[in-house]
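Novice: Next comes target26.cif, mmCIF, C-alpha atoms:
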data_protein
#
loop_
_atom_site.group_PDB
_atom_site.id
_atom_site.type_symbol
_atom_site.label_atom_id
_atom_site.label_comp_id
_atom_site.auth_asym_id
_atom_site.auth_seq_id
_atom_site.Cartn_x
_atom_site.Cartn_y
_atom_site.Cartn_z
ATOM 1 C CA MET A 25 0.000 0.000 0.000
ATOM 2 C CA TYR A 26 2.808 2.413 0.939
ATOM 3 C CA ASN A 27 4.670 1.631 -2.313
ATOM 4 C CA GLN A 28 1.507 2.185 -4.309
ATOM 5 C CA ARG A 29 0.952 5.655 -2.744
ATOM 6 C CA LEU A 30 4.585 6.532 -3.292
ATOM 7 C CA PHE A 31 4.273 5.445 -6.922
ATOM 8 C CA ILE A 32 1.144 7.586 -7.447
ATOM 9 C CA ILE A 33 2.781 10.625 -5.826
ATOM 10 C CA MET A 34 5.904 10.205 -7.943
ATOM 11 C CA ALA A 35 3.793 9.747 -11.089
ATOM 12 C CA LEU A 36 1.844 12.944 -10.365
ATOM 13 C CA PHE A 37 5.051 14.829 -9.677
ATOM 14 C CA GLY A 38 6.459 13.557 -12.963
ATOM 15 C CA ILE A 39 3.360 14.777 -14.808
ATOM 16 C CA LEU A 40 3.721 18.201 -13.213
ATOM 17 C CA LEU A 41 7.293 18.356 -14.404
ATOM 18 C CA LEU A 42 6.103 17.747 -17.956
ATOM 19 C CA ILE A 43 3.731 20.736 -17.890
ATOM 20 C CA PRO A 44 5.605 23.655 -19.436
ATOM 21 C CA GLN A 45 6.294 26.341 -16.870
ATOM 22 C CA PRO A 46 6.916 29.912 -17.949
ATOM 23 C CA SER A 47 10.562 30.806 -17.777
ATOM 24 C CA ARG A 48 11.816 33.783 -15.835
ATOM 25 C CA ALA A 49 12.519 35.573 -19.120
ATOM 26 C CA GLU A 50 8.909 35.055 -20.245
ATOM 27 C CA ASP A 51 7.640 36.431 -16.921
ATOM 28 C CA VAL A 52 9.841 39.495 -17.239
ATOM 29 C CA SER A 53 8.808 40.118 -20.852
ATOM 30 C CA PHE A 54 5.154 39.713 -19.870
ATOM 31 C CA TYR A 55 5.413 42.486 -17.276
ATOM 32 C CA ALA A 56 7.444 44.683 -19.612
ATOM 33 C CA LYS A 57 4.785 44.174 -22.294
ATOM 34 C CA GLN A 58 2.082 45.218 -19.824
ATOM 35 C CA GLU A 59 3.984 48.430 -19.046
ATOM 36 C CA VAL A 60 4.403 49.208 -22.747
ATOM 37 C CA GLU A 61 0.674 48.651 -23.347
ATOM 38 C CA LYS A 62 -0.124 50.895 -20.376
ATOM 39 C CA GLY A 63 2.244 53.491 -21.817
ATOM 40 C CA TRP A 64 0.612 53.386 -25.262
ATOM 41 C CA GLU A 65 -2.796 53.905 -23.637
ATOM 42 C CA ALA A 66 -1.475 56.999 -21.852
ATOM 43 C CA PHE A 67 0.252 58.169 -25.057
ATOM 44 C CA ASN A 68 -2.981 57.860 -27.050
ATOM 45 C CA GLU A 69 -4.844 59.766 -24.322
ATOM 46 C CA GLY A 70 -2.325 62.591 -24.611
ATOM 47 C CA ASN A 71 -0.638 61.913 -21.280
ATOM 48 C CA LEU A 72 2.960 61.954 -22.473
ATOM 49 C CA ALA A 73 4.520 62.043 -19.002
ATOM 50 C CA ALA A 74 2.677 58.887 -17.905
ATOM 51 C CA ALA A 75 3.462 57.196 -21.218
ATOM 52 C CA VAL A 76 7.188 57.869 -20.968
ATOM 53 C CA LYS A 77 7.203 56.719 -17.348
ATOM 54 C CA SER A 78 5.600 53.402 -18.339
ATOM 55 C CA PHE A 79 7.933 52.962 -21.305
ATOM 56 C CA GLN A 80 10.950 53.618 -19.066
ATOM 57 C CA GLN A 81 9.616 51.184 -16.474
ATOM 58 C CA ALA A 82 9.373 48.516 -19.165
ATOM 59 C CA THR A 83 13.062 48.982 -20.019
ATOM 60 C CA VAL A 84 13.917 48.563 -16.336
ATOM 61 C CA ILE A 85 11.786 45.433 -16.019
ATOM 62 C CA ASP A 86 13.312 43.894 -19.139
ATOM 63 C CA PRO A 87 16.346 45.681 -20.591
ATOM 64 C CA LYS A 88 16.192 43.381 -23.640
ATOM 65 C CA TYR A 89 12.558 44.056 -24.585
ATOM 66 C CA ALA A 90 12.754 45.762 -27.993
ATOM 67 C CA PRO A 91 9.169 47.120 -28.048
ATOM 68 C CA ALA A 92 9.943 49.142 -24.906
ATOM 69 C CA TYR A 93 12.773 50.973 -26.676
ATOM 70 C CA TYR A 94 10.611 51.448 -29.754
ATOM 71 C CA ALA A 95 7.968 53.053 -27.545
ATOM 72 C CA MET A 96 10.631 55.163 -25.816
ATOM 73 C CA GLY A 97 11.657 56.377 -29.265
ATOM 74 C CA HIS A 98 8.122 57.615 -29.879
ATOM 75 C CA GLY A 99 8.062 59.306 -26.493
ATOM 76 C CA SER A 100 11.339 61.030 -27.288
ATOM 77 C CA LEU A 101 10.050 62.135 -30.704
ATOM 78 C CA ALA A 102 6.938 63.576 -29.082
ATOM 79 C CA GLN A 103 9.195 65.538 -26.728
ATOM 80 C CA ASN A 104 11.325 66.705 -29.680
ATOM 81 C CA ARG A 105 14.370 64.947 -28.226
ATOM 82 C CA LEU A 106 15.705 63.661 -31.526
ATOM 83 C CA SER A 107 19.022 62.261 -30.295
ATOM 84 C CA ASP A 108 17.196 60.226 -27.641
ATOM 85 C CA ALA A 109 14.655 59.047 -30.210
ATOM 86 C CA ILE A 110 17.460 57.955 -32.529
ATOM 87 C CA ALA A 111 19.226 56.086 -29.713
ATOM 88 C CA ASN A 112 16.024 54.323 -28.655
ATOM 89 C CA PHE A 113 15.057 53.271 -32.176
ATOM 90 C CA LYS A 114 18.604 51.967 -32.711
ATOM 91 C CA LYS A 115 18.351 49.976 -29.472
ATOM 92 C CA ALA A 116 15.002 48.521 -30.577
ATOM 93 C CA ILE A 117 16.559 47.486 -33.893
ATOM 94 C CA GLU A 118 19.528 45.922 -32.118
ATOM 95 C CA LEU A 119 17.313 43.861 -29.793
ATOM 96 C CA ALA A 120 14.429 42.935 -32.089
ATOM 97 C CA ASP A 121 14.188 39.374 -33.330
ATOM 98 C CA PRO A 122 12.659 39.164 -35.895
ATOM 99 C CA PRO A 123 13.526 42.609 -37.245
ATOM 100 C CA MET A 124 11.064 45.371 -36.316
ATOM 101 C CA VAL A 125 10.536 47.263 -39.574
ATOM 102 C CA GLU A 126 8.622 49.996 -37.734
ATOM 103 C CA ALA A 127 11.747 50.815 -35.737
ATOM 104 C CA TYR A 128 13.716 51.217 -38.976
ATOM 105 C CA ILE A 129 11.025 53.469 -40.459
ATOM 106 C CA ASN A 130 10.921 55.680 -37.379
ATOM 107 C CA LEU A 131 14.702 55.759 -37.103
ATOM 108 C CA GLY A 132 14.877 56.900 -40.721
ATOM 109 C CA PHE A 133 12.312 59.584 -39.975
ATOM 110 C CA ALA A 134 14.158 60.795 -36.859
ATOM 111 C CA LEU A 135 17.455 60.887 -38.738
ATOM 112 C CA THR A 136 16.042 62.928 -41.615
ATOM 113 C CA LEU A 137 14.234 65.201 -39.179
ATOM 114 C CA SER A 138 17.563 65.877 -37.493
ATOM 115 C CA GLY A 139 19.174 66.744 -40.848
ATOM 116 C CA ARG A 140 20.977 63.435 -41.306
ATOM 117 C CA ASP A 141 19.347 62.745 -44.662
ATOM 118 C CA LYS A 142 21.856 60.252 -46.060
ATOM 119 C CA GLU A 143 21.755 58.139 -42.893
ATOM 120 C CA GLY A 144 17.966 58.301 -42.940
ATOM 121 C CA LEU A 145 17.866 57.059 -46.523
ATOM 122 C CA GLU A 146 20.245 54.203 -45.657
ATOM 123 C CA VAL A 147 17.931 53.129 -42.839
ATOM 124 C CA TYR A 148 14.873 53.396 -45.096
ATOM 125 C CA ASN A 149 16.668 51.152 -47.602
ATOM 126 C CA GLN A 150 17.392 48.642 -44.838
ATOM 127 C CA ALA A 151 13.675 48.670 -44.016
ATOM 128 C CA LEU A 152 12.875 48.080 -47.695
ATOM 129 C CA ALA A 153 15.072 44.990 -47.625
ATOM 130 C CA ILE A 154 13.055 43.689 -44.667
ATOM 131 C CA ASP A 155 9.568 44.598 -45.896
ATOM 132 C CA PRO A 156 9.381 45.963 -49.447
ATOM 133 C CA MET A 157 5.567 46.031 -49.299
ATOM 134 C CA ASN A 158 5.273 48.322 -46.253
ATOM 135 C CA LYS A 159 3.016 51.206 -47.271
ATOM 136 C CA GLU A 160 4.111 53.494 -44.395
ATOM 137 C CA LEU A 161 7.702 53.053 -45.489
ATOM 138 C CA HIS A 162 6.809 54.066 -49.043
ATOM 139 C CA LEU A 163 5.013 57.156 -47.761
ATOM 140 C CA ASN A 164 8.092 58.111 -45.741
ATOM 141 C CA LEU A 165 10.289 57.536 -48.785
ATOM 142 C CA ALA A 166 7.983 59.748 -50.846
ATOM 143 C CA ASP A 167 8.392 62.509 -48.247
ATOM 144 C CA TYR A 168 12.146 61.974 -48.214
ATOM 145 C CA TYR A 169 12.480 62.222 -52.008
ATOM 146 C CA CYS A 170 10.154 65.210 -52.105
ATOM 147 C CA SER A 171 12.377 66.968 -49.557
ATOM 148 C CA GLN A 172 15.294 66.210 -51.900
ATOM 149 C CA MET A 173 13.331 67.745 -54.793
ATOM 150 C CA ASN A 174 13.229 64.412 -56.604
ATOM 151 C CA GLY A 175 9.617 64.366 -57.781
ATOM 152 C CA LYS A 176 10.084 61.305 -59.957
ATOM 153 C CA LYS A 177 11.229 59.087 -57.052
ATOM 154 C CA ALA A 178 8.718 60.676 -54.669
ATOM 155 C CA TRP A 179 5.814 59.847 -56.958
ATOM 156 C CA GLU A 180 7.077 56.309 -57.581
ATOM 157 C CA HIS A 181 6.698 55.705 -53.855
ATOM 158 C CA ILE A 182 3.354 57.506 -53.652
ATOM 159 C CA ARG A 183 1.974 55.359 -56.481
ATOM 160 C CA PHE A 184 3.272 52.188 -54.846
ATOM 161 C CA ALA A 185 1.720 53.185 -51.506
ATOM 162 C CA GLN A 186 -1.576 53.870 -53.262
ATOM 163 C CA LYS A 187 -1.492 50.400 -54.848
ATOM 164 C CA MET A 188 -0.960 49.023 -51.333
ATOM 165 C CA LYS A 189 -4.116 50.884 -50.228
ATOM 166 C CA ALA A 190 -2.299 53.408 -48.041
ATOM 167 C CA GLU A 191 -4.525 56.131 -46.671
ATOM 168 C CA ILE A 192 -3.492 59.345 -48.394
ATOM 169 C CA SER A 193 -5.871 62.273 -48.273
ATOM 170 C CA GLU A 194 -6.461 64.410 -51.334
ATOM 171 C CA GLU A 195 -5.060 67.328 -49.316
ATOM 172 C CA GLN A 196 -1.779 65.438 -48.823
ATOM 173 C CA LEU A 197 -1.609 64.617 -52.510
ATOM 174 C CA ASP A 198 -2.254 68.251 -53.445
ATOM 175 C CA GLU A 199 0.532 69.328 -51.101
ATOM 176 C CA MET A 200 2.879 66.783 -52.671
ATOM 177 C CA ARG A 201 1.931 68.017 -56.158
ATOM 178 C CA SER A 202 2.734 71.604 -55.224
ATOM 179 C CA LEU A 203 5.979 70.816 -53.369
ATOM 180 C CA CYS A 204 7.408 68.312 -55.803
ATOM 181 C CA PRO A 205 5.500 67.834 -59.010
ATOM 182 C CA GLU A 206 5.799 64.601 -60.946
ATOM 183 C CA GLU A 207 8.567 64.763 -63.507
#
With the file now loaded, output its structure as structure tokens.

Specialist:
Amino acid sequence: MYNQRLFIIMALFGILLLIPQPSRAEDVSFYAKQEVEKGWEAFNEGNLAAAVKSFQQATVIDPKYAPAYYAMGHGSLAQNRLSDAIANFKKAIELADPPMVEAYINLGFALTLSGRDKEGLEVYNQALAIDPMNKELHLNLADYYCSQMNGKKAWEHIRFAQKMKAEISEEQLDEMRSLCPEE
């Protein structure tokens, strides 16, 4: 009888060992993800201070959680802290697996906004290699080429984005036509 109980207990313990348990890394990423989500809610409500605080907390909880640095990049952009935005988007790119094309797009934007046009274009081209069908990327490239007074390239990207069903208002298109007409 004793051996039978011992066998049952050991069998149950063995079954419990077979049930996958979340790893410490998964727990940490879960809590970091919750902070990022909380931060995005605050960001979308216009509470930038609370958003940045949550994004920063996520990087403390899990210093290897790429979406936290991506979010920090947006917080920095909203505060017009371009060098911080650039650093955070670069960190998100470094940590992301698989690659986070959105981080590349926003890094390219931050670089061009800070006057580092050639670097921005290089990053946009890296994003194209990752996701050549990304309509937001093509819109950013259209803006980039328009700022370089290259209407032909700008409109190539606008047309591609339109084929991808990107939302472009008629007002935006009129502005593009006046700033950099098709060649």

Novice: Given the file above and the PyMOL selection byres ((chain A and resi 175-182) around 12), which residues are selected, and can you give them as a compact mmCIF listing (two decimals) with C-alpha atoms, in the coordinates of the input?

Specialist:
# COMPACT_ATOMS: atom_id res chain seq x y z
CA LEU A 152 12.88 48.08 -47.70
CA PRO A 156 9.38 45.96 -49.45
CA MET A 157 5.57 46.03 -49.30
CA ASN A 158 5.27 48.32 -46.25
CA LYS A 159 3.02 51.21 -47.27
CA GLU A 160 4.11 53.49 -44.40
CA LEU A 161 7.70 53.05 -45.49
CA HIS A 162 6.81 54.07 -49.04
CA LEU A 163 5.01 57.16 -47.76
CA ASN A 164 8.09 58.11 -45.74
CA LEU A 165 10.29 57.54 -48.78
CA ALA A 166 7.98 59.75 -50.85
CA ASP A 167 8.39 62.51 -48.25
CA TYR A 168 12.15 61.97 -48.21
CA TYR A 169 12.48 62.22 -52.01
CA CYS A 170 10.15 65.21 -52.10
CA SER A 171 12.38 66.97 -49.56
CA GLN A 172 15.29 66.21 -51.90
CA MET A 173 13.33 67.74 -54.79
CA ASN A 174 13.23 64.41 -56.60
CA ARG A 183 1.97 55.36 -56.48
CA PHE A 184 3.27 52.19 -54.85
CA ALA A 185 1.72 53.18 -51.51
CA GLN A 186 -1.58 53.87 -53.26
CA LYS A 187 -1.49 50.40 -54.85
CA MET A 188 -0.96 49.02 -51.33
CA LYS A 189 -4.12 50.88 -50.23
CA ALA A 190 -2.30 53.41 -48.04
CA GLU A 191 -4.53 56.13 -46.67
CA ILE A 192 -3.49 59.34 -48.39
CA SER A 193 -5.87 62.27 -48.27
CA GLN A 196 -1.78 65.44 -48.82
CA LEU A 197 -1.61 64.62 -52.51
CA MET A 200 2.88 66.78 -52.67
CA ARG A 201 1.93 68.02 -56.16
CA SER A 202 2.73 71.60 -55.22
CA LEU A 203 5.98 70.82 -53.37
CA CYS A 204 7.41 68.31 -55.80
CA PRO A 205 5.50 67.83 -59.01
CA GLU A 206 5.80 64.60 -60.95
CA GLU A 207 8.57 64.76 -63.51

Novice: May I ask for the distance between CA of Ala151 (chain A) and CA of Ala90 (chain A), given in Å to one decimal place?

Specialist: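 Computing the Euclidean distance for CA of Ala151 (chain A) and CA of Ala90 (chain A) yields 16.3 Å.
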
Novice: Any chance you could resolve the PyMOL selection byres ((chain A and resi 102) around 12) against this file and give the residues as a ChimeraX atom specification?

Specialist: /A:67-68,70-73,75-76,95-101,103-106,108-109,134

Novice: Any chance you could export the current selection's C-alpha atoms as a PDB file, in the frame of the given file?

Specialist:
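out_7.pdb was written with the following content:
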ATOM      1  CA  PHE A  67       0.252  58.169 -25.057  1.00  0.00           C
ATOM      2  CA  ASN A  68      -2.981  57.860 -27.050  1.00  0.00           C
ATOM      3  CA  GLY A  70      -2.325  62.591 -24.611  1.00  0.00           C
ATOM      4  CA  ASN A  71      -0.638  61.913 -21.280  1.00  0.00           C
ATOM      5  CA  LEU A  72       2.960  61.954 -22.473  1.00  0.00           C
ATOM      6  CA  ALA A  73       4.520  62.043 -19.002  1.00  0.00           C
ATOM      7  CA  ALA A  75       3.462  57.196 -21.218  1.00  0.00           C
ATOM      8  CA  VAL A  76       7.188  57.869 -20.968  1.00  0.00           C
ATOM      9  CA  ALA A  95       7.968  53.053 -27.545  1.00  0.00           C
ATOM     10  CA  MET A  96      10.631  55.163 -25.816  1.00  0.00           C
ATOM     11  CA  GLY A  97      11.657  56.377 -29.265  1.00  0.00           C
ATOM     12  CA  HIS A  98       8.122  57.615 -29.879  1.00  0.00           C
ATOM     13  CA  GLY A  99       8.062  59.306 -26.493  1.00  0.00           C
ATOM     14  CA  SER A 100      11.339  61.030 -27.288  1.00  0.00           C
ATOM     15  CA  LEU A 101      10.050  62.135 -30.704  1.00  0.00           C
ATOM     16  CA  GLN A 103       9.195  65.538 -26.728  1.00  0.00           C
ATOM     17  CA  ASN A 104      11.325  66.705 -29.680  1.00  0.00           C
ATOM     18  CA  ARG A 105      14.370  64.947 -28.226  1.00  0.00           C
ATOM     19  CA  LEU A 106      15.705  63.661 -31.526  1.00  0.00           C
ATOM     20  CA  ASP A 108      17.196  60.226 -27.641  1.00  0.00           C
ATOM     21  CA  ALA A 109      14.655  59.047 -30.210  1.00  0.00           C
ATOM     22  CA  ALA A 134      14.158  60.795 -36.859  1.00  0.00           C
TER      23      ALA A 134
END

Novice: Between CA of Ala56 (chain A) and CA of Tyr128 (chain A), what is the distance in Å, rounded to a tenth?

Specialist: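 Interatomic distance here is 21.4 Å.
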
Novice: Between CA of Val125 (chain A) and CA of Pro91 (chain A), what is the distance, to one decimal in Å?

Specialist: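 Straight-line distance from CA of Val125 (chain A) to CA of Pro91 (chain A) works out to 11.6 Å.
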
Novice: Tell me which residues the PyMOL selection byres ((chain A and resi 82) around 10) grabs here, as a ChimeraX atom specification.

Specialist: /A:52-63,76-81,83-93,95-96

Novice: Determine the nearest neighbour of Asp155 (chain A) from the options A:Leu131, A:Pro122, A:Thr136, A:Asp141, counting only C-alpha atoms.

Specialist: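 Closest to Asp155 (chain A) of all the choices is A:Pro122.
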
Novice: How big is the axis-aligned box around the listed atoms of region 121-129 of chain A once 6 Å is added on each side, and where is its centre? Give both in Å to one decimal, as JSON.

Specialist:
{"center_x": 11.4, "center_y": 46.3, "center_z": -36.9, "size_x": 17.6, "size_y": 26.3, "size_z": 19.1}

Novice: Could you model N, CA and C atoms for region 170-195 of chain A and present them as a PDB file, keeping the file's coordinate frame?

Specialist:
ATOM      1  N   CYS A 170      10.729  63.886 -51.866  1.00  0.00           N
ATOM      2  CA  CYS A 170      10.154  65.210 -52.105  1.00  0.00           C
ATOM      3  C   CYS A 170      11.029  66.280 -51.445  1.00  0.00           C
ATOM      4  N   SER A 171      11.506  65.999 -50.234  1.00  0.00           N
ATOM      5  CA  SER A 171      12.377  66.968 -49.557  1.00  0.00           C
ATOM      6  C   SER A 171      13.700  67.152 -50.304  1.00  0.00           C
ATOM      7  N   GLN A 172      14.071  66.149 -51.099  1.00  0.00           N
ATOM      8  CA  GLN A 172      15.294  66.210 -51.900  1.00  0.00           C
ATOM      9  C   GLN A 172      15.014  66.765 -53.304  1.00  0.00           C
ATOM     10  N   MET A 173      13.778  67.193 -53.508  1.00  0.00           N
ATOM     11  CA  MET A 173      13.331  67.745 -54.793  1.00  0.00           C
ATOM     12  C   MET A 173      13.442  66.726 -55.935  1.00  0.00           C
ATOM     13  N   ASN A 174      13.219  65.468 -55.614  1.00  0.00           N
ATOM     14  CA  ASN A 174      13.229  64.412 -56.604  1.00  0.00           C
ATOM     15  C   ASN A 174      11.793  63.913 -56.784  1.00  0.00           C
ATOM     16  N   GLY A 175      11.025  64.677 -57.573  1.00  0.00           N
ATOM     17  CA  GLY A 175       9.617  64.366 -57.781  1.00  0.00           C
ATOM     18  C   GLY A 175       9.384  62.995 -58.388  1.00  0.00           C
ATOM     19  N   LYS A 176      10.254  62.605 -59.303  1.00  0.00           N
ATOM     20  CA  LYS A 176      10.084  61.305 -59.957  1.00  0.00           C
ATOM     21  C   LYS A 176      10.093  60.170 -58.922  1.00  0.00           C
ATOM     22  N   LYS A 177      11.120  60.145 -58.075  1.00  0.00           N
ATOM     23  CA  LYS A 177      11.229  59.087 -57.052  1.00  0.00           C
ATOM     24  C   LYS A 177      10.112  59.214 -56.018  1.00  0.00           C
ATOM     25  N   ALA A 178       9.784  60.459 -55.654  1.00  0.00           N
ATOM     26  CA  ALA A 178       8.718  60.676 -54.669  1.00  0.00           C
ATOM     27  C   ALA A 178       7.410  60.065 -55.171  1.00  0.00           C
ATOM     28  N   TRP A 179       7.080  60.342 -56.422  1.00  0.00           N
ATOM     29  CA  TRP A 179       5.814  59.847 -56.958  1.00  0.00           C
ATOM     30  C   TRP A 179       5.833  58.347 -57.229  1.00  0.00           C
ATOM     31  N   GLU A 180       6.999  57.775 -57.474  1.00  0.00           N
ATOM     32  CA  GLU A 180       7.077  56.309 -57.581  1.00  0.00           C
ATOM     33  C   GLU A 180       6.618  55.679 -56.268  1.00  0.00           C
ATOM     34  N   HIS A 181       7.071  56.252 -55.163  1.00  0.00           N
ATOM     35  CA  HIS A 181       6.698  55.705 -53.855  1.00  0.00           C
ATOM     36  C   HIS A 181       5.246  56.017 -53.494  1.00  0.00           C
ATOM     37  N   ILE A 182       4.765  57.186 -53.885  1.00  0.00           N
ATOM     38  CA  ILE A 182       3.354  57.506 -53.652  1.00  0.00           C
ATOM     39  C   ILE A 182       2.468  56.507 -54.404  1.00  0.00           C
ATOM     40  N   ARG A 183       2.780  56.285 -55.661  1.00  0.00           N
ATOM     41  CA  ARG A 183       1.974  55.359 -56.481  1.00  0.00           C
ATOM     42  C   ARG A 183       2.005  53.941 -55.898  1.00  0.00           C
ATOM     43  N   PHE A 184       3.179  53.523 -55.443  1.00  0.00           N
ATOM     44  CA  PHE A 184       3.272  52.188 -54.846  1.00  0.00           C
ATOM     45  C   PHE A 184       2.423  52.124 -53.579  1.00  0.00           C
ATOM     46  N   ALA A 185       2.509  53.150 -52.742  1.00  0.00           N
ATOM     47  CA  ALA A 185       1.720  53.185 -51.506  1.00  0.00           C
ATOM     48  C   ALA A 185       0.222  53.165 -51.824  1.00  0.00           C
ATOM     49  N   GLN A 186      -0.168  53.877 -52.858  1.00  0.00           N
ATOM     50  CA  GLN A 186      -1.576  53.870 -53.262  1.00  0.00           C
ATOM     51  C   GLN A 186      -2.016  52.474 -53.699  1.00  0.00           C
ATOM     52  N   LYS A 187      -1.160  51.773 -54.445  1.00  0.00           N
ATOM     53  CA  LYS A 187      -1.492  50.400 -54.848  1.00  0.00           C
ATOM     54  C   LYS A 187      -1.644  49.496 -53.637  1.00  0.00           C
ATOM     55  N   MET A 188      -0.904  49.814 -52.567  1.00  0.00           N
ATOM     56  CA  MET A 188      -0.960  49.023 -51.333  1.00  0.00           C
ATOM     57  C   MET A 188      -2.112  49.478 -50.427  1.00  0.00           C
ATOM     58  N   LYS A 189      -2.941  50.375 -50.938  1.00  0.00           N
ATOM     59  CA  LYS A 189      -4.116  50.884 -50.228  1.00  0.00           C
ATOM     60  C   LYS A 189      -3.757  51.739 -49.008  1.00  0.00           C
ATOM     61  N   ALA A 190      -2.661  52.470 -49.109  1.00  0.00           N
ATOM     62  CA  ALA A 190      -2.299  53.408 -48.041  1.00  0.00           C
ATOM     63  C   ALA A 190      -3.315  54.539 -48.010  1.00  0.00           C
ATOM     64  N   GLU A 191      -3.586  55.022 -46.822  1.00  0.00           N
ATOM     65  CA  GLU A 191      -4.525  56.131 -46.671  1.00  0.00           C
ATOM     66  C   GLU A 191      -3.786  57.446 -46.908  1.00  0.00           C
ATOM     67  N   ILE A 192      -4.092  58.061 -48.038  1.00  0.00           N
ATOM     68  CA  ILE A 192      -3.492  59.345 -48.394  1.00  0.00           C
ATOM     69  C   ILE A 192      -4.638  60.275 -48.755  1.00  0.00           C
ATOM     70  N   SER A 193      -4.772  61.342 -48.001  1.00  0.00           N
ATOM     71  CA  SER A 193      -5.871  62.273 -48.273  1.00  0.00           C
ATOM     72  C   SER A 193      -5.574  63.067 -49.548  1.00  0.00           C
ATOM     73  N   GLU A 194      -6.619  63.579 -50.141  1.00  0.00           N
ATOM     74  CA  GLU A 194      -6.461  64.410 -51.334  1.00  0.00           C
ATOM     75  C   GLU A 194      -5.661  65.671 -51.001  1.00  0.00           C
ATOM     76  N   GLU A 195      -5.821  66.156 -49.778  1.00  0.00           N
ATOM     77  CA  GLU A 195      -5.060  67.328 -49.316  1.00  0.00           C
ATOM     78  C   GLU A 195      -3.556  67.030 -49.303  1.00  0.00           C
TER      79      GLU A 195
END
